[in-house]
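So the structure is just underneath, and the comments pick up after that.
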Amino acid sequence: MENRFHRKGLGPLYSTRRLLQLLSFIIVLAIGIKFYLFVSQLETGIIPKFERPPGVEAFLPISALVSLKHFFVTGKINTIHPSALVIFSIICMTALIVKKGFCSWVCPIGLLSDILSKLNILSFKKKVVLPIWADVVLRSIKYGLAGFFVWSIFYKMPIQSIEQFIQSPYNRFADIKMLHFFTHISNTALIVILVLILLSFAIPYFWCRYLCPYGAVLGVFSFLSIGKIKRNPSNCTNCGRCEKKCTSLIKIREKQSIRSSECTACMTCVKTCPEKQTIGFSLSPGNIQLGQTTIALILVLIFSIGISMAKASGNWENEISKSAYLRYVIQSNLPWNSNGQVDPKKMGKMMRAMKNLQIQRPQMMQQFKKKGK
Ligand code: SF4
Ligand code: SF4
């Protein structure tokens, strides 16, 4: 038996979420490629003609948290990584309406976790579910991590330290460090990433459910969400299909309203339920039912409005000049190590960069020469 949610939503609803996930993945990929090209040009001593994509700051959550405390204390958005704070705020805002919808509709790691979960279903006959005690202990890790960052920044760091951190070279060029983490990845980091992928394949959503501190912060905001999954017990036949498919292992049949901080508004339960008018995502007050297309539109709208407002108020682009980026890249790519040994490959790269710099910025070249003496 099909219900209204099922009939209206199943096919198109499912594809709407995938579509938004793919769109978001393409945007993130485009930002990553543009930033990679930006840094690559700097490494050859050339000042890029195009701008650094500010969206890259989405990957600087610590900087965003520090900026948030700075904003609370001073009332100002810092100019070093303004878009980190803007994106963080937008994501928290989404959690107040569509719970952790960001995780299952926008986040590229959420998409990867979905793919790994599908591979798991194809590979194994039985879903691996950890015992409750292990699940509870593991879930506390992400809250512990998030709590540690929040406590360290909001409680332990005085405003002077916050300002010092914001202006420090570490924070100013954290985006380049983050890129180098992936482009010059160490064996240890690669092994850790592969282990996490394997774990997320063996135990679906391992990273999201147990380790992601961003998800933990969103979970806290999602408690205040005006939107949630609601079940109508008088229509429910207790068949358990929704629970079986729930990506967050929520005991849906035990509740009428899902307040759980784990619910990602993925709508899998809604499309799985065979009964009419039994389960759906609705906004309070008014009990307004939302389909997947509406949830997608809400997410797109919040992001679009938030980014447009940040651009219009001058809080999107950072104030670090391309020359400052160039100086940092050249200084951090010196071809000798701490023992004074020279890496011939790096030396060749540096010579090429210096040659280009001599042509493009003779004044800056003079500064380097003076510093070298
Ligand atoms: S299946 Fe339903 S209850 Fe479970 S996470 Fe998705 S929307 Fe939330
Ligand atoms: S809400 Fe869940 S248990 Fe109830 S009928 Fe729908 S799928 Fe079955």
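In the structure tokens, the first chain shown is A, the next is B, and so on; residue numbers restart at 1 for each chain, and ligands run from 1 in the order shown.
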
Report the closest atom pair, with its distance in Å rounded to one decimal, for each residue of stretch 113-183 of chain A that has an atom no farther than 10 Å from stretch 30-50 of chain A; count only C-alpha atoms, sort by chain and then rising residue number, and write it as a tab-separated table.
```
residue	atom	partner	partner_atom	distance
A:Asp175	CA	A:Phe35	CA	9.0
A:Ile176	CA	A:Val39	CA	7.3
A:Leu179	CA	A:Tyr36	CA	7.3
A:His180	CA	A:Tyr36	CA	9.4
A:Thr183	CA	A:Tyr36	CA	9.0
```

Taking only C-alpha atoms and all ligand atoms into account, produce a table as a Markdown table in which each residue of chain A with an atom at most 6 Å from an atom of ligand 1 appears once, together with its shortest atom pair and the distance in Å to one decimal, ordered by chain and rising number.
```
| residue | atom | partner | partner_atom_place_in_ligand_line | distance |
| --- | --- | --- | --- | --- |
| A:Cys246 | CA | ligand 1 | 1 (S) | 3.6 |
| A:Thr247 | CA | ligand 1 | 5 (S) | 5.3 |
| A:Ser248 | CA | ligand 1 | 5 (S) | 4.8 |
| A:Ile250 | CA | ligand 1 | 4 (Fe) | 5.7 |
| A:Cys263 | CA | ligand 1 | 8 (Fe) | 3.8 |
| A:Thr264 | CA | ligand 1 | 5 (S) | 4.6 |
| A:Ala265 | CA | ligand 1 | 7 (S) | 3.7 |
| A:Cys266 | CA | ligand 1 | 6 (Fe) | 4.0 |
| A:Met267 | CA | ligand 1 | 7 (S) | 4.1 |
| A:Thr268 | CA | ligand 1 | 1 (S) | 4.3 |
| A:Cys269 | CA | ligand 1 | 1 (S) | 4.1 |
```

What would the file look like if the residues just selected were written as a short mmCIF file (atom, residue, chain, number, x, y, z; two decimals), in the first residue's frame with N, CA and C atoms?
```
data_model
loop_
_atom_site.label_atom_id
_atom_site.label_comp_id
_atom_site.auth_asym_id
_atom_site.auth_seq_id
_atom_site.Cartn_x
_atom_site.Cartn_y
_atom_site.Cartn_z
N CYS A 246 16.55 3.50 8.37
CA CYS A 246 17.06 4.78 8.89
C CYS A 246 18.59 4.78 8.92
N THR A 247 19.16 5.76 8.25
CA THR A 247 20.63 5.82 8.15
C THR A 247 21.25 6.18 9.50
N SER A 248 20.44 6.72 10.42
CA SER A 248 20.99 7.13 11.72
C SER A 248 20.56 6.20 12.84
N ILE A 250 17.76 5.39 14.18
CA ILE A 250 16.85 5.97 15.18
C ILE A 250 15.66 5.04 15.40
N CYS A 263 19.27 12.76 13.59
CA CYS A 263 18.43 12.76 12.38
C CYS A 263 18.97 13.76 11.35
N THR A 264 19.20 13.28 10.13
CA THR A 264 19.78 14.13 9.09
C THR A 264 18.73 14.57 8.07
N ALA A 265 17.47 14.39 8.40
CA ALA A 265 16.37 14.77 7.49
C ALA A 265 16.58 14.19 6.10
N CYS A 266 17.12 12.96 6.06
CA CYS A 266 17.42 12.35 4.75
C CYS A 266 16.15 11.88 4.05
N MET A 267 15.05 11.74 4.80
CA MET A 267 13.73 11.36 4.29
C MET A 267 13.64 9.90 3.85
N THR A 268 14.64 9.12 4.19
CA THR A 268 14.60 7.70 3.82
C THR A 268 13.39 7.02 4.47
N CYS A 269 13.14 7.38 5.75
CA CYS A 269 12.00 6.76 6.45
C CYS A 269 10.69 7.13 5.75
#
```

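For ligand 2, the set of protein, DNA and RNA residues within 8 Å, based on only C-alpha atoms and all ligand atoms, reads A:Arg231, A:Asn232, A:Pro233, A:Asn235, A:Cys236, A:Thr237, A:Asn238, A:Cys239, A:Gly240, A:Arg241, A:Cys242, A:Glu243, A:Ile252, A:Arg253, A:Cys269, A:Val270, A:Thr272, A:Cys273, A:Pro274, A:Glu275, A:Thr278, A:Ile279.
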
- stretch 92-101 of chain A: which residues within 6 Å, counting only C-alpha atoms, same-chain residues fewer than 6 positions away excluded, as a ChimeraX atom specification? /A:221-222,224-227,264-265

- Message: To one decimal place in Å, what is the distance between atom CA of A:Ile27 and atom CA of A:Gly55?
- Response: 9.3 Å

Tell me, counting only C-alpha atoms, for each residue of stretch 105-174 of chain A within 6 Å of stretch 208-216 of chain A, which pair of atoms is nearest and how far apart they are in Å to one decimal, in rows ordered by chain and increasing number, as JSON lines.
```
{"residue": "A:Leu138", "atom": "CA", "partner": "A:Tyr210", "partner_atom": "CA", "distance": 5.4}
{"residue": "A:Arg139", "atom": "CA", "partner": "A:Tyr210", "partner_atom": "CA", "distance": 4.4}
{"residue": "A:Ile141", "atom": "CA", "partner": "A:Leu211", "partner_atom": "CA", "distance": 6.0}
{"residue": "A:Lys142", "atom": "CA", "partner": "A:Leu211", "partner_atom": "CA", "distance": 4.5}
{"residue": "A:Tyr143", "atom": "CA", "partner": "A:Ala216", "partner_atom": "CA", "distance": 5.5}
{"residue": "A:Leu145", "atom": "CA", "partner": "A:Pro213", "partner_atom": "CA", "distance": 5.8}
{"residue": "A:Ala146", "atom": "CA", "partner": "A:Pro213", "partner_atom": "CA", "distance": 4.7}
```

- Selection near A:Val150, 10 Å with only C-alpha atoms, sequence-local residues under 6 positions removed, as a ChimeraX atom specification: /A:62,65-66,69,144,156,217

- List every residue of stretch 25-220 of chain A that DSSP, applied to the backbone of this structure, assigns to helix (DSSP H, G or I), and report them as a PyMOL selection string. chain A and resi 25-43+54-59+61-74+82-98+101-105+108-123+132-156+159-167+169-172+174-183+187-202+206-211+213-220

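Minimum atom-to-atom distances from A:Gly280, A:Gln289, A:Val220, A:Ser200 to A:Gly110 were compared using only C-alpha atoms, and the lowest value belongs to A:Ser200.
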
- Message: Ranking A:Trp105, A:Trp207, A:Phe71, A:Phe88 by minimum distance to A:Leu22 and counting only C-alpha atoms, which one comes first?
- Response: A:Trp105

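Minimum atom-to-atom distances from A:Leu29, A:Ser152, A:Asn318, A:Thr188 to A:Arg52 were compared using only C-alpha atoms, and the lowest value belongs to A:Asn318.
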
- Task: Give me, please, the distance in Å between atom CA of A:Glu262 and atom CA of A:Gly219, quoted to one decimal.
- Result: 6.4 Å
